[in-house]
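Some notes on the structure that comes next.
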Amino acid sequence: MQIDLGLLNAVMAVAKAGGFREAARAINSNPSRLSDAVRRAEQQLGVRLFNRTTRSVALTAAGKMLLDRLLPAMNEVESALDAVNAFRDTPSGTLRLNVPVSVVRLVLPGIIPAFLARYPEIQLEIMADSNVVDIFSAGCDAGIRYDEKLEQDMIAVPIGPRRQRFAVAAAPGYLDRRGRPAHPRDLLRHACLRGKYASGIMPEWEFAKDGERVRVQPSGPLIVSVGAAVDLAVEAAVAGIGVIQLFEEWLRPHLASGALEPILESWWTDFSGPYLYYPDRRLVPAPLRAFIDFIRE
């Protein structure tokens, strides 16, 4: 039996992503094209590979068996092509990274331009997402996360600054009106600008000094989604609406200009910097290997 390998790639993309729209985003295609490819694969094989409803797409028993056998073989094909790519003077191909918005803003600008200048035949795709996602279902080769969010069975490589801090600040005018906190618990009497993850969790504000650790859940007039809407909270803080806690590097321009005043600086906590993580496998794609070698420099 013969079948177009392009059709099998479409089947695997849909199976990995769990749907046609998700797969189309992952491989830069469109849902109708993938749906047509899967239909033609089923016609050539003579079996149904997916059960489809208006809400979900799930592998049939035949589809699951096919995917279980296909994945190792297709991984070997990709590995063979990557091995040939390693003999090129300049690696080529696409590198897809899933990263938090904070890394896009604070870490990658010091890395990506020089990397692309060195490897002009590599196309880099950055998916900025502050929610923890499965890099495989997102169609990515690797991700960047902080250590407490690293997935299991992954290789981690440090990237960017190795220590970072959370800063707390407010506009001088706001502090003149409301007073300057002397202890983290004083923030419970202040208007605080909060961040919320897509899961609905609003992280506590954590502080540490001389062995004492304090966690508070302040409240305030503005809640923004972590990552995508943080700049709105920063502008609100500059306008004197309330107190903000954020990466020190993110607030540094406003701290330097005097638009924001640091609060409780002796209580600020630091944490380890981010890591590039990728699956532990025998052969790493050439574009990813080039990126790993670059950041290790």
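Chain labels run A, B, ... following the order of the structure tokens; each chain numbers its residues from 1, and ligands are numbered from 1 in the order shown.
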
Pull the closest atom pair for each residue of region 18-107 of chain A that gets at most 9 Å from region 157-167 of chain A, along with the distance in Å to one decimal, counting only C-alpha atoms, ordering rows by chain and then ascending residue number, as JSON lines.
{"residue": "A:Val103", "atom": "CA", "partner": "A:Gly160", "partner_atom": "CA", "distance": 8.7}
{"residue": "A:Leu106", "atom": "CA", "partner": "A:Gly160", "partner_atom": "CA", "distance": 8.6}
{"residue": "A:Val107", "atom": "CA", "partner": "A:Gly160", "partner_atom": "CA", "distance": 5.6}

Taking the chain letters and numbering used in this document, name the residues of region 50-297 of chain A that DSSP puts in strand (DSSP E or B), as a ChimeraX atom specification. /A:50-52,57-59,93-99,122-128,142-145,154-158,163-170,192-196,205-209,212-216,222-225,243-247,261-262,270-272,275-279

Write out as a list of chain:residue names the residues lying within 10 Å of region 252-255 of chain A, counting only C-alpha atoms and excluding same-chain residues fewer than 3 positions away. A:Ala167, A:Ala169, A:Ala170, A:Ala171, A:Val234, A:Glu235, A:Ala237, A:Val238, A:Phe247, A:Glu248, A:Glu249, A:Gly258, A:Ala259, A:Leu260, A:Glu261, A:Pro262

Would you pick out the contacts of Gly139 (chain A) at 8 Å or less, using only C-alpha atoms, so that residues sharing its chain but fewer than 4 positions from it are not included, and give the list as a list in words? Ala17, Ala23, Ala26, Ile27, Arg96 and Ile135 of chain A

Using C-alpha atoms, can you export the residues from the last selection as a tab-separated table (two decimals), in the first residue's frame?
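Okay, result-v2.tsv is ready:
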chain	number	residue	atom	x	y	z
A	17	ALA	CA	-2.64	19.05	18.46
A	23	ALA	CA	-2.79	21.81	14.19
A	26	ALA	CA	1.16	24.74	14.90
A	27	ILE	CA	2.35	24.00	11.35
A	96	ARG	CA	9.82	27.34	16.99
A	135	ILE	CA	5.45	22.44	23.63

Members of region 185-237 of chain A assigned helix (DSSP H, G or I) by DSSP, as a VMD selection string: chain A and resid 185 to 189 230 to 237
